[in-house]
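What follows is a set of notes on a single structure, which appears directly below.
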There are 2 protein chains.
Amino acid sequence: MSHTTASLATALLAPASVAIYGASDDPARPAGRPLRFLRAAGFAGRVYPVNPARQQVQGEAAWPSLAALPEVPEHVFIVASGTRVELAVRDCAALGVRLATVLADGFSEQGPDGLAREEALRRIARNGGLRLLGPSSIGVVNPRNGLLLTANAAFAEPNLPAGRVFCASHSGSMIGALLSRGIGRGIGFAGLVSVGNEVDLSLGEICTASLNDDGIDGYMLFLESLRHARDLQQFAQQAAARGKPVIAYKLGRSEAAARMAITHTGAVAGEDAVADAFLKDCGIARVGVLDALLETLPLARRFALSTSTAGPSRVGVVTTTGGGAAMAVDQLGQRGVTVSPPSDETLARIRAAGIAVRPGPVLDLTLAGTRHDVIQPVLDVLVSAPEFDLVLAVIGSSARFQPDLAVTPLLDTKAGRNPLAVMLVPDAPQALARLTQAQLPCFRSPEACADAIAAVFARRPVHSLCRPSGAGDGACHAWNEFESYALLDRLDIPRAPALRLRFDALLPELPFAYPVAVKLCSASIPHKTDVGGVVLGLGCRESLADAIRTLQAKVEYDGLAGHCDEVMIQPMVAGLGEVLIGYRVDPDVGPIVMLAAGGIWAEVASDRSIRLAPVSVQEAEAMVREVKMLQVFTGRRGQPAADLQALARAVSALSSLAINDDRIQEVEINPLLLRTDGVVAVDALVLCEDRPINMSLASAPSPRSD
Amino acid sequence: MSHTTASLATALLAPASVAIYGASDDPARPAGRPLRFLRAAGFAGRVYPVNPARQQVQGEAAWPSLAALPEVPEHVFIVASGTRVELAVRDCAALGVRLATVLADGFSEQGPDGLAREEALRRIARNGGLRLLGPSSIGVVNPRNGLLLTANAAFAEPNLPAGRVFCASHSGSMIGALLSRGIGRGIGFAGLVSVGNEVDLSLGEICTASLNDDGIDGYMLFLESLRHARDLQQFAQQAAARGKPVIAYKLGRSEAAARMAITHTGAVAGEDAVADAFLKDCGIARVGVLDALLETLPLARRFALSTSTAGPSRVGVVTTTGGGAAMAVDQLGQRGVTVSPPSDETLARIRAAGIAVRPGPVLDLTLAGTRHDVIQPVLDVLVSAPEFDLVLAVIGSSARFQPDLAVTPLLDTKAGRNPLAVMLVPDAPQALARLTQAQLPCFRSPEACADAIAAVFARRPVHSLCRPSGAGDGACHAWNEFESYALLDRLDIPRAPALRLRFDALLPELPFAYPVAVKLCSASIPHKTDVGGVVLGLGCRESLADAIRTLQAKVEYDGLAGHCDEVMIQPMVAGLGEVLIGYRVDPDVGPIVMLAAGGIWAEVASDRSIRLAPVSVQEAEAMVREVKMLQVFTGRRGQPAADLQALARAVSALSSLAINDDRIQEVEINPLLLRTDGVVAVDALVLCEDRPINMSLASAPSPRSD
């Protein structure tokens, strides 16, 4: 970690001195709160209220300007508004202040003017070596040292709980809500930061700056979008290397906001689905239940991020309450996590300890399980049983009425190969507090419990960055189908044979048998079917010649003659079924690859798998397993089996564009036919940037026939 | 309500006298708890501990037998085990006891012996006019009068909160867990009953018995299955008539438990999907989040069950915290509930009150919204705005720090056409308690909030019972396709023309044009395609004759000649797409009708709609809108539109079997082709009971050709 990062971390969370620019005399107003909070919390650093309009602020001497201070403060919280914000940032930059946080809103979210003012702040900061947090940041809090540099009313809370969790949020109000929910749950924080508009410091950079802090064990992120995804990915990679887990709650984006892309890949993938794939590929546990954002860290800490595609998946459940355990099993099942029954060997080991148990999906100890001498030996057997990756104890009423009795055997369980997690069925605050204090993963609802387990299991090894995210600014153009096929050939993705024929050329002998299909071939007509540009099932030379003439007439009638002067002839190819595979450079997260059910179904059923590109063949096989429609082609139910191995190879090959060609913005193979002996593309579309190619595909694709 | 029901309600919840048969001297043991709890709670009725083995129990005189008591107790709690259970039930019946509750387990859940013992209990009770609760009932609690007739340790709780909610549960441990969660949430109960194995009294009957109790406003059900669904439906119908809402949390059943049916309808529908349809058709709000089971009643109370298919659907959101509101919007969207923006007129009315607001999907008042004089007038406008059915206020940190300030405007909001609900983003126990006390719908998590709203909106008008549930005991047989078509003809469901031809007959002139298809026609071969019994696309008389000979040879080769001596010839029929429609007498809930996406997709995508049969054409139209695949056929995206009105008519017609023929157990039309001008069935399968038909379809269907 560089000196720069270290000093940023200090300025952010442990500055020796802070100034509050625009501090108000009224302690109830947002601009008055930081000074009030810092004093109430007994912050030990030096605090300078700056207010040119007043001699005194809340009974303290006010400084007329930043320049008048006896030292350069490490961190300036600018709580002024309007044009004074830019003046204050200018002063900070001129004085060599390390970090300034800007409370004011009304920047890029308010149109072009605001965007210009935001750009001005960025420029001033960059030129002056100043780092900016915000604007629209409600501030920074470190409960460990009383740094309550915030205008969020929630921090009027007495006795803020210090802890080992760092929280970063796109939403300023949520840091207060999470603080209060943490108090209710016995969870304290090592820091809470509202990142605002991220005009300079991004959420990822802020978290990265805090990584060397030994007082921080893990991260809790509240995300509204994936802007600056590259910074987030770099942070996630370093956090994983240090064994500090990251949990995220991300708001979905509305469908209305989804951009329409020229290929279907954009529409089918959906922004939130891409975000979901991105977070998993960053090894971040994305939860869907708010309580789980608070409750998941102790569980995540017990599972090292795996380096293979096969992560933990098998949950064993032991309970004293059948109904309660059934809720947990149900909720896990809804999230695709299967509860495994104990093996005969495990049951035998439990019986050898003198405890009567019956086989079943869940080990139900009934009331007897409330006895220490029953549940304790059972837990010791389960945490070392090789058929599980996690043991979940679902505890009933005893947790409320005899918290010591209920908790002690859980705390006494010997460490085994399988981590232990606990779900409490009644409202049992004392038991919950003791388990939380002992850092045993524990949950107070079946939903949060299952959500946390599923999110931790769904994490994948951290995908390394292959190129800067953000689409190139250059214009894009589409390749025609023949040019697109040439790319598939280079990637070794099988495609149907094709013969290119100009309208003015003679129809030659075909290198393949009839029946054939003929399509218009033009980069100007990417969606041929929509304009009647495809004719299928032509059984002989005469009907083919007819069809070509008809297409030519159509092109001339539509006034497209200048854009389309040729057709492509292909044999009719049959498959067991069809899929769509797509590659796309997402503007937020960079290159992704998608495998989706074919035809209308991808959109209707959202049946698809997405990963950051590139993916290995092994990872592509995992994607194949995620697409439900493909279960039909595994040879079950008397259906013939498709060559899903070839499909995985094709997905992996397509995804390799992420490292092999940075001009290609989108590729869509739709459909890719599944066969018993391979796959075959029968249509393809490529979008490419208009700039010189600079990687391995250095020569322009040259159309050729088979 | 009959005198019998009234006296059952009294015996259940307010008996003048109770006996505890098998009361233990040890107050910590399950058999000792009821006496201890009753005394601790100061139950005012007469309590008789009965224990032939002891003179004293917990310091009280013990009675040697039920017969020795000075009166016939109204309610006997049998806490003895083993063979003493049956003896006690015998004594109760002999003495004319009204109601006995049996704690012991180990009955039908333990195999044939237990089943026989359960059957014996049922017989003894029936013969003696005794009603039985249990076995495996952990008891009955009425916090209003201290009736703690339970062995559940959870009821050691001091100061049990009395309230106006009645809770019935298949799981005994859950009544304790719900009690504790109610305490944590400020919710009290008017009764809690563990219904056990329902050998006599079912959950539905118990709830029905309590319906006349003016102290009960609504019901909370924890369901493990839908056994005795008819009783539940009758209860739901009466509860709806009295305006007492019912909320249910139902455990899903594992896939392993799903029965395999001869048609796909059983497998595709899935038991839990049938249960879900059943509960909605009972007007019961089924929640999926445990907290929502506790939190939904005040919301449900504000929406009368509609009598039309168009229920409430439009939510307007107002907030002081953008991030918090976004969570609620997200969670609602995931459950198919769309947040509506305020209309221009509504915005104008708010501005006319002097409050600046910006258009958007959510009305974000920001910090200004914490002021009474801002949020109050806004709420008054919103609750009367015609574009909403419900107004959701999402309240931020002020709910925790200034609960009075936050709560008062909510309580002061004038009653309008739209109910008001509240979600609290921080942990804000005081605000929550005040809102709960005022019976304003309020939620402490975005998940429970959205779950409750979606569950209340998803309720449908209560479907009346059309026949006893439970499949007939008689054997079933399949009809061949020709016979099945005859049924479709009677129902006016269009199907492809068909010509029946015996193998030994001459091939006549066809009444329709080539190409044609030919299929084996036999009730013994319901899945013709699987055995190669279908040949498609025969273009001329010769190829048809060839195909018939081949099928005959196949039948003879397979040794099926005795079971199949004819074929069916049909023209090839094309459609825009295909669906499956099915009718089935479910053993739990009775006749249902299903509309599902065609082919493999119904199973892969779970894309289907289910209702209790019969359904009107209007209700069938609502089913059509629920099947996602059918969106493709509404004429969007340049696709031709299918005649979905004809599809709805076909679904409604098929569902009418529920009132027209009680022998038909299953009908499956798969596929039903969708066309621009109607629908057409091209295969059908009927399963019918082997007993005389007794309703409108009185004559056996007679095969005929077109």
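Letters A, B, ... go to the chains of the structure tokens in the order shown; residues in each chain start at 1; ligands are counted from 1 in the same order.
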Report task. Compute the chain A side of the contact with chain B at 7 Å, counting only C-alpha atoms, and hand it back as a list in words. Result -> Ala154, Ser171, Ser173, Met174, Gly176, Ala177, Leu178, Ser180, Arg181, Gly184, Leu251, Gly252, Val289, Thr321, Gly323, Gly324, Met327, Asp330, Ser397, Val425, Pro426, Asp427, Glu447, Val604, Ala605, Lys628 and Met629 of chain A
Next, the residues of the selection above should be written as a CSV table (one decimal), in the first residue's frame with N, CA, C and O atoms.
chain,number,residue,atom,x,y,z
A,154,ALA,N,-29.1,10.9,12.3
A,154,ALA,CA,-29.1,9.6,12.9
A,154,ALA,C,-27.9,9.5,13.9
A,154,ALA,O,-27.9,8.7,14.9
A,171,SER,N,-26.1,5.7,-0.7
A,171,SER,CA,-27.2,6.5,-0.1
A,171,SER,C,-26.8,7.1,1.2
A,171,SER,O,-26.3,6.3,2.1
A,173,SER,N,-28.7,8.6,3.5
A,173,SER,CA,-29.6,8.3,4.6
A,173,SER,C,-29.4,6.9,5.2
A,173,SER,O,-29.6,6.6,6.3
A,174,MET,N,-28.9,5.9,4.3
A,174,MET,CA,-28.8,4.6,4.7
A,174,MET,C,-27.7,4.3,5.7
A,174,MET,O,-27.8,3.4,6.5
A,176,GLY,N,-27.2,6.0,8.3
A,176,GLY,CA,-27.9,6.2,9.6
A,176,GLY,C,-28.8,5.0,9.9
A,176,GLY,O,-28.9,4.5,11.0
A,177,ALA,N,-29.5,4.6,8.9
A,177,ALA,CA,-30.5,3.5,9.0
A,177,ALA,C,-29.7,2.2,9.4
A,177,ALA,O,-30.1,1.4,10.3
A,178,LEU,N,-28.5,2.0,8.7
A,178,LEU,CA,-27.8,0.8,9.0
A,178,LEU,C,-27.1,0.9,10.4
A,178,LEU,O,-27.0,-0.1,11.1
A,180,SER,N,-28.5,2.3,13.0
A,180,SER,CA,-29.6,2.0,14.0
A,180,SER,C,-29.9,0.5,14.0
A,180,SER,O,-30.1,-0.1,15.0
A,181,ARG,N,-29.9,-0.1,12.8
A,181,ARG,CA,-30.2,-1.5,12.7
A,181,ARG,C,-29.1,-2.3,13.3
A,181,ARG,O,-29.3,-3.4,13.9
A,184,GLY,N,-29.6,-2.3,17.0
A,184,GLY,CA,-30.7,-3.2,17.4
A,184,GLY,C,-30.2,-4.7,17.3
A,184,GLY,O,-30.7,-5.6,17.9
A,251,LEU,N,-29.4,-2.0,-5.0
A,251,LEU,CA,-30.8,-1.8,-5.6
A,251,LEU,C,-30.8,-2.2,-7.0
A,251,LEU,O,-29.8,-2.1,-7.7
A,252,GLY,N,-31.9,-2.8,-7.4
A,252,GLY,CA,-32.0,-3.2,-8.8
A,252,GLY,C,-32.3,-1.9,-9.6
A,252,GLY,O,-32.8,-0.9,-9.0
A,289,VAL,N,-31.9,-9.5,1.1
A,289,VAL,CA,-32.7,-9.2,2.3
A,289,VAL,C,-31.9,-8.2,3.2
A,289,VAL,O,-30.7,-8.4,3.5
A,321,THR,N,-36.9,-27.9,16.6
A,321,THR,CA,-38.2,-27.5,16.3
A,321,THR,C,-38.5,-27.7,14.8
A,321,THR,O,-37.9,-27.0,13.9
A,323,GLY,N,-41.0,-27.3,12.7
A,323,GLY,CA,-41.6,-26.3,12.0
A,323,GLY,C,-40.7,-25.2,11.6
A,323,GLY,O,-40.6,-24.7,10.5
A,324,GLY,N,-39.8,-24.8,12.6
A,324,GLY,CA,-38.8,-23.8,12.3
A,324,GLY,C,-37.8,-24.2,11.3
A,324,GLY,O,-37.4,-23.5,10.4
A,327,MET,N,-39.1,-24.1,7.8
A,327,MET,CA,-39.0,-22.7,7.2
A,327,MET,C,-37.6,-22.5,6.6
A,327,MET,O,-37.5,-21.9,5.5
A,330,ASP,N,-37.2,-24.5,3.4
A,330,ASP,CA,-38.0,-23.9,2.3
A,330,ASP,C,-37.3,-22.7,1.7
A,330,ASP,O,-37.2,-22.5,0.5
A,397,SER,N,-37.8,-22.5,21.1
A,397,SER,CA,-38.2,-21.6,22.3
A,397,SER,C,-37.2,-21.5,23.4
A,397,SER,O,-37.1,-20.5,24.0
A,425,VAL,N,-35.7,-19.4,16.0
A,425,VAL,CA,-37.1,-19.3,15.6
A,425,VAL,C,-37.9,-18.3,16.4
A,425,VAL,O,-38.6,-17.5,15.8
A,426,PRO,N,-37.7,-18.3,17.7
A,426,PRO,CA,-38.5,-17.3,18.5
A,426,PRO,C,-37.7,-15.9,18.4
A,426,PRO,O,-36.6,-15.9,18.0
A,427,ASP,N,-38.4,-14.9,18.9
A,427,ASP,CA,-37.7,-13.6,19.2
A,427,ASP,C,-36.8,-13.9,20.4
A,427,ASP,O,-37.4,-14.1,21.5
A,447,GLU,N,-35.6,-15.9,6.3
A,447,GLU,CA,-35.3,-15.3,5.1
A,447,GLU,C,-33.8,-14.8,5.1
A,447,GLU,O,-33.1,-15.0,4.1
A,604,VAL,N,-38.6,-14.1,-21.9
A,604,VAL,CA,-39.8,-14.4,-21.2
A,604,VAL,C,-39.4,-15.0,-19.8
A,604,VAL,O,-40.0,-14.7,-18.8
A,605,ALA,N,-38.5,-15.9,-19.9
A,605,ALA,CA,-38.2,-16.7,-18.7
A,605,ALA,C,-36.9,-16.2,-18.0
A,605,ALA,O,-36.6,-16.8,-16.9
A,628,LYS,N,-31.7,-23.2,-17.2
A,628,LYS,CA,-32.7,-24.2,-16.9
A,628,LYS,C,-33.1,-25.0,-18.2
A,628,LYS,O,-33.2,-26.2,-18.2
A,629,MET,N,-33.3,-24.2,-19.3
A,629,MET,CA,-33.7,-24.9,-20.5
A,629,MET,C,-32.8,-26.0,-20.9
A,629,MET,O,-33.2,-27.0,-21.5
Worksheet item: Tell me, which residues of range 77-175 of chain B carry DSSP helix (DSSP H, G or I), written as an MDAnalysis selection string?
Response: chainID B and resid 84:95 108:110 112:128 153:156 172:175
Would you output that residue set with C-alpha atoms, as a compact mmCIF listing (two decimals), in the first residue's frame?
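The new file again_5.txt reads:
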# COMPACT_ATOMS: atom_id res chain seq x y z
CA ARG B 84 -53.52 -44.20 28.60
CA VAL B 85 -54.48 -41.80 25.78
CA GLU B 86 -57.15 -44.10 24.40
CA LEU B 87 -58.46 -44.86 27.89
CA ALA B 88 -58.76 -41.16 28.62
CA VAL B 89 -60.56 -40.46 25.33
CA ARG B 90 -62.95 -43.33 26.17
CA ASP B 91 -63.65 -41.79 29.57
CA CYS B 92 -64.27 -38.36 27.99
CA ALA B 93 -66.73 -39.86 25.51
CA ALA B 94 -68.50 -41.84 28.21
CA LEU B 95 -68.88 -38.79 30.44
CA SER B 108 -50.35 -41.66 12.06
CA GLU B 109 -46.87 -40.23 11.56
CA GLN B 110 -45.44 -43.52 12.88
CA PRO B 112 -49.78 -48.43 10.21
CA ASP B 113 -49.97 -49.16 13.96
CA GLY B 114 -50.18 -45.48 14.80
CA LEU B 115 -52.73 -44.94 12.06
CA ALA B 116 -54.89 -47.67 13.58
CA ARG B 117 -54.64 -46.07 17.02
CA GLU B 118 -55.55 -42.70 15.51
CA GLU B 119 -58.54 -44.30 13.78
CA ALA B 120 -59.61 -45.79 17.12
CA LEU B 121 -59.52 -42.35 18.76
CA ARG B 122 -61.62 -40.92 15.95
CA ARG B 123 -64.20 -43.71 16.26
CA ILE B 124 -64.52 -43.43 20.02
CA ALA B 125 -64.94 -39.65 19.78
CA ARG B 126 -67.50 -39.81 16.98
CA ASN B 127 -69.56 -42.40 18.75
CA GLY B 128 -69.55 -40.44 21.99
CA ALA B 153 -42.51 -23.98 27.22
CA ALA B 154 -42.81 -20.67 25.40
CA PHE B 155 -45.88 -19.82 27.45
CA ALA B 156 -43.86 -19.45 30.62
CA GLY B 172 -46.94 -26.80 17.74
CA SER B 173 -43.59 -25.14 18.33
CA MET B 174 -44.52 -22.26 16.02
CA ILE B 175 -47.32 -20.98 18.27
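Residues lying within 9 Å of Thr10 in chain A, counting only C-alpha atoms and ignoring same-chain neighbours fewer than 4 positions away, are Thr5, Ala6, Ala14, Pro15, Ala16, Glu74, Ala209 and Ser210 of chain A.
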Expected file: the selected residues, C-alpha atoms, as a compact mmCIF listing (two decimals), in the first residue's frame:
# COMPACT_ATOMS: atom_id res chain seq x y z
CA THR A 5 -3.21 5.51 0.29
CA ALA A 6 -2.10 5.30 3.89
CA ALA A 14 -8.34 9.22 11.83
CA PRO A 15 -7.36 12.80 10.97
CA ALA A 16 -5.37 14.69 13.59
CA GLU A 74 -6.12 16.96 7.34
CA ALA A 209 -7.85 3.05 1.31
CA SER A 210 -9.20 1.41 4.47
- Go through range 197-391 of chain A and collect every residue that DSSP, computed from the backbone, puts in strand (DSSP E); the answer should be as an MDAnalysis selection string. chainID A and resid 218:223 246:250 285:287 315:319 363:364 390:391
Practice item. Would you list the contacts of Ala68 in chain B as number ranges by chain, taking every protein, DNA or RNA residue within 12 Å and counting only C-alpha atoms, but skipping same-chain residues closer than 2 positions in sequence? Key: B: 19, 48-52, 62-66, 70-73, 91, 95
Exercise for review: Would you kindly return, as a list of chain:residue names, each protein, DNA or RNA residue with an atom no farther than 10 Å from any atom of Gly577 in chain B, considering only C-alpha atoms and excluding same-chain residues fewer than 3 positions away?
Suggested key: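 What passes the distance filter is B:Ala574, B:Ala597, B:Gly598, B:Gly599, B:Met629, B:Leu630, B:Val632, B:Phe633, B:Ala642, B:Pro671, B:Leu672, B:Leu673, B:Leu674, B:Arg675, B:Val679.
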Restricting it to all heavy atoms, dump the selection as a compact mmCIF listing (two decimals), in the first residue's frame.
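part-v4.txt, written as the output of this step:
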# COMPACT_ATOMS: atom_id res chain seq x y z
N ALA B 574 -51.34 -25.96 -38.30
CA ALA B 574 -50.28 -25.06 -37.82
C ALA B 574 -50.85 -24.04 -36.85
O ALA B 574 -52.04 -23.73 -36.90
CB ALA B 574 -49.64 -24.34 -39.01
N ALA B 597 -47.59 -22.58 -20.36
CA ALA B 597 -46.82 -22.45 -21.59
C ALA B 597 -46.64 -23.84 -22.19
O ALA B 597 -46.57 -24.83 -21.46
CB ALA B 597 -45.46 -21.83 -21.28
N GLY B 598 -46.55 -23.91 -23.50
CA GLY B 598 -46.51 -25.22 -24.15
C GLY B 598 -45.15 -25.87 -24.11
O GLY B 598 -44.15 -25.27 -23.71
N GLY B 599 -45.13 -27.13 -24.48
CA GLY B 599 -43.89 -27.87 -24.62
C GLY B 599 -43.13 -27.98 -23.33
O GLY B 599 -43.70 -28.03 -22.24
N MET B 629 -45.29 -16.38 -21.23
CA MET B 629 -45.06 -16.74 -22.62
C MET B 629 -46.13 -16.13 -23.53
O MET B 629 -45.85 -15.80 -24.68
CB MET B 629 -45.03 -18.26 -22.76
CG MET B 629 -44.80 -18.76 -24.17
SD MET B 629 -46.37 -19.02 -25.06
CE MET B 629 -46.61 -20.76 -24.78
N LEU B 630 -47.32 -15.98 -23.02
CA LEU B 630 -48.42 -15.50 -23.87
C LEU B 630 -48.30 -14.02 -24.23
O LEU B 630 -48.98 -13.53 -25.13
CB LEU B 630 -49.76 -15.81 -23.20
CG LEU B 630 -50.08 -17.31 -23.15
CD1 LEU B 630 -51.33 -17.58 -22.32
CD2 LEU B 630 -50.25 -17.89 -24.54
N VAL B 632 -45.97 -12.90 -25.77
CA VAL B 632 -45.41 -12.92 -27.11
C VAL B 632 -46.52 -12.88 -28.16
O VAL B 632 -46.30 -12.47 -29.29
CB VAL B 632 -44.54 -14.19 -27.27
CG1 VAL B 632 -44.06 -14.34 -28.70
CG2 VAL B 632 -43.40 -14.17 -26.29
N PHE B 633 -47.71 -13.32 -27.77
CA PHE B 633 -48.80 -13.46 -28.75
C PHE B 633 -49.83 -12.35 -28.65
O PHE B 633 -50.96 -12.49 -29.07
CB PHE B 633 -49.47 -14.82 -28.56
CG PHE B 633 -48.49 -15.96 -28.76
CD1 PHE B 633 -48.09 -16.73 -27.68
CD2 PHE B 633 -47.95 -16.22 -30.02
CE1 PHE B 633 -47.17 -17.75 -27.87
CE2 PHE B 633 -47.04 -17.24 -30.21
CZ PHE B 633 -46.64 -18.01 -29.13
N ALA B 642 -52.28 -13.74 -31.35
CA ALA B 642 -53.12 -14.93 -31.29
C ALA B 642 -54.48 -14.56 -30.69
O ALA B 642 -54.61 -13.53 -30.03
CB ALA B 642 -52.45 -16.01 -30.44
N PRO B 671 -50.80 -30.48 -27.25
CA PRO B 671 -50.95 -29.02 -27.22
C PRO B 671 -52.32 -28.54 -27.67
O PRO B 671 -53.02 -29.23 -28.39
CB PRO B 671 -49.90 -28.57 -28.23
CG PRO B 671 -49.84 -29.67 -29.24
CD PRO B 671 -50.18 -30.95 -28.49
N LEU B 672 -52.61 -27.32 -27.21
CA LEU B 672 -53.70 -26.54 -27.79
C LEU B 672 -53.00 -25.47 -28.62
O LEU B 672 -52.19 -24.69 -28.09
CB LEU B 672 -54.55 -25.90 -26.69
CG LEU B 672 -55.72 -25.04 -27.17
CD1 LEU B 672 -56.88 -25.93 -27.64
CD2 LEU B 672 -56.23 -24.12 -26.05
N LEU B 673 -53.26 -25.47 -29.94
CA LEU B 673 -52.56 -24.52 -30.80
C LEU B 673 -53.26 -23.16 -30.77
O LEU B 673 -54.49 -23.09 -30.81
CB LEU B 673 -52.51 -25.03 -32.24
CG LEU B 673 -51.80 -26.36 -32.46
CD1 LEU B 673 -51.77 -26.72 -33.95
CD2 LEU B 673 -50.37 -26.32 -31.91
N LEU B 674 -52.45 -22.12 -30.74
CA LEU B 674 -52.97 -20.75 -30.78
C LEU B 674 -52.95 -20.28 -32.21
O LEU B 674 -51.93 -20.41 -32.89
CB LEU B 674 -52.09 -19.83 -29.92
CG LEU B 674 -51.88 -20.25 -28.48
CD1 LEU B 674 -50.91 -19.30 -27.80
CD2 LEU B 674 -53.22 -20.24 -27.76
N ARG B 675 -54.06 -19.70 -32.67
CA ARG B 675 -54.12 -19.20 -34.04
C ARG B 675 -54.63 -17.77 -34.01
O ARG B 675 -55.08 -17.28 -32.98
CB ARG B 675 -55.04 -20.09 -34.87
CG ARG B 675 -54.71 -21.56 -34.66
CD ARG B 675 -55.56 -22.46 -35.51
NE ARG B 675 -55.24 -22.26 -36.93
CZ ARG B 675 -55.56 -23.14 -37.88
NH1 ARG B 675 -56.21 -24.25 -37.57
NH2 ARG B 675 -55.25 -22.90 -39.12
N VAL B 679 -58.53 -21.19 -31.39
CA VAL B 679 -57.57 -22.17 -30.89
C VAL B 679 -57.99 -23.53 -31.41
O VAL B 679 -59.15 -23.72 -31.81
CB VAL B 679 -57.55 -22.21 -29.34
CG1 VAL B 679 -57.02 -20.91 -28.79
CG2 VAL B 679 -58.93 -22.52 -28.77
Next item on the list: Write out as a list in words the residues lying within 12 Å of Glu509 in chain A, counting only C-alpha atoms and excluding same-chain residues fewer than 6 positions away.
Entry: Leu499, Leu501, Cys540, Arg541, Leu544, Ala545 and Ile569 of chain A
So that I have them on file, write out the residues from the current selection with all heavy atoms, as a CSV table (one decimal), in the first residue's frame.
chain,number,residue,atom,x,y,z
A,499,LEU,N,-22.1,-19.5,-48.6
A,499,LEU,CA,-21.5,-19.1,-49.9
A,499,LEU,C,-22.1,-17.7,-50.1
A,499,LEU,O,-23.2,-17.4,-50.0
A,499,LEU,CB,-22.1,-20.0,-51.0
A,499,LEU,CG,-21.6,-19.6,-52.4
A,499,LEU,CD1,-20.1,-20.0,-52.6
A,499,LEU,CD2,-22.5,-20.2,-53.5
A,501,LEU,N,-22.7,-14.5,-52.6
A,501,LEU,CA,-23.0,-14.3,-54.0
A,501,LEU,C,-23.5,-12.9,-54.3
A,501,LEU,O,-24.5,-12.5,-53.7
A,501,LEU,CB,-24.0,-15.3,-54.4
A,501,LEU,CG,-24.3,-15.4,-55.9
A,501,LEU,CD1,-23.1,-16.1,-56.6
A,501,LEU,CD2,-25.6,-16.2,-56.2
A,540,CYS,N,-34.3,-26.6,-54.7
A,540,CYS,CA,-33.6,-26.9,-55.9
A,540,CYS,C,-33.0,-25.5,-56.5
A,540,CYS,O,-33.4,-24.4,-56.0
A,540,CYS,CB,-34.5,-27.5,-56.9
A,540,CYS,SG,-35.9,-26.4,-57.3
A,541,ARG,N,-32.2,-25.7,-57.4
A,541,ARG,CA,-31.5,-24.5,-58.0
A,541,ARG,C,-32.5,-23.5,-58.5
A,541,ARG,O,-32.2,-22.3,-58.4
A,541,ARG,CB,-30.7,-25.1,-59.2
A,541,ARG,CG,-29.8,-24.1,-59.9
A,541,ARG,CD,-28.9,-24.7,-61.0
A,541,ARG,NE,-28.3,-23.6,-61.7
A,541,ARG,CZ,-27.1,-23.1,-61.3
A,541,ARG,NH1,-26.5,-23.6,-60.2
A,541,ARG,NH2,-26.6,-22.1,-62.0
A,544,LEU,N,-34.0,-21.5,-55.7
A,544,LEU,CA,-33.0,-20.6,-55.2
A,544,LEU,C,-32.8,-19.4,-56.0
A,544,LEU,O,-32.8,-18.2,-55.5
A,544,LEU,CB,-31.7,-21.4,-55.0
A,544,LEU,CG,-30.5,-20.6,-54.6
A,544,LEU,CD1,-30.7,-19.9,-53.2
A,544,LEU,CD2,-29.2,-21.4,-54.5
A,545,ALA,N,-32.7,-19.6,-57.3
A,545,ALA,CA,-32.5,-18.5,-58.3
A,545,ALA,C,-33.7,-17.5,-58.2
A,545,ALA,O,-33.5,-16.3,-58.1
A,545,ALA,CB,-32.3,-19.0,-59.7
A,569,ILE,N,-25.8,-17.8,-49.1
A,569,ILE,CA,-26.5,-19.1,-49.3
A,569,ILE,C,-26.0,-20.1,-48.3
A,569,ILE,O,-24.7,-20.2,-48.1
A,569,ILE,CB,-26.4,-19.6,-50.7
A,569,ILE,CG1,-26.8,-18.5,-51.7
A,569,ILE,CG2,-27.1,-20.9,-50.9
A,569,ILE,CD1,-26.4,-18.8,-53.1
Report as a list in words all protein, DNA and RNA residues lying within 8 Å of Arg358 in chain B, evaluated on only C-alpha atoms, omitting residues in the same chain fewer than 4 positions from it.
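Here the qualifying residues turn out to be Leu347, Leu363 and Asp364 of chain B.
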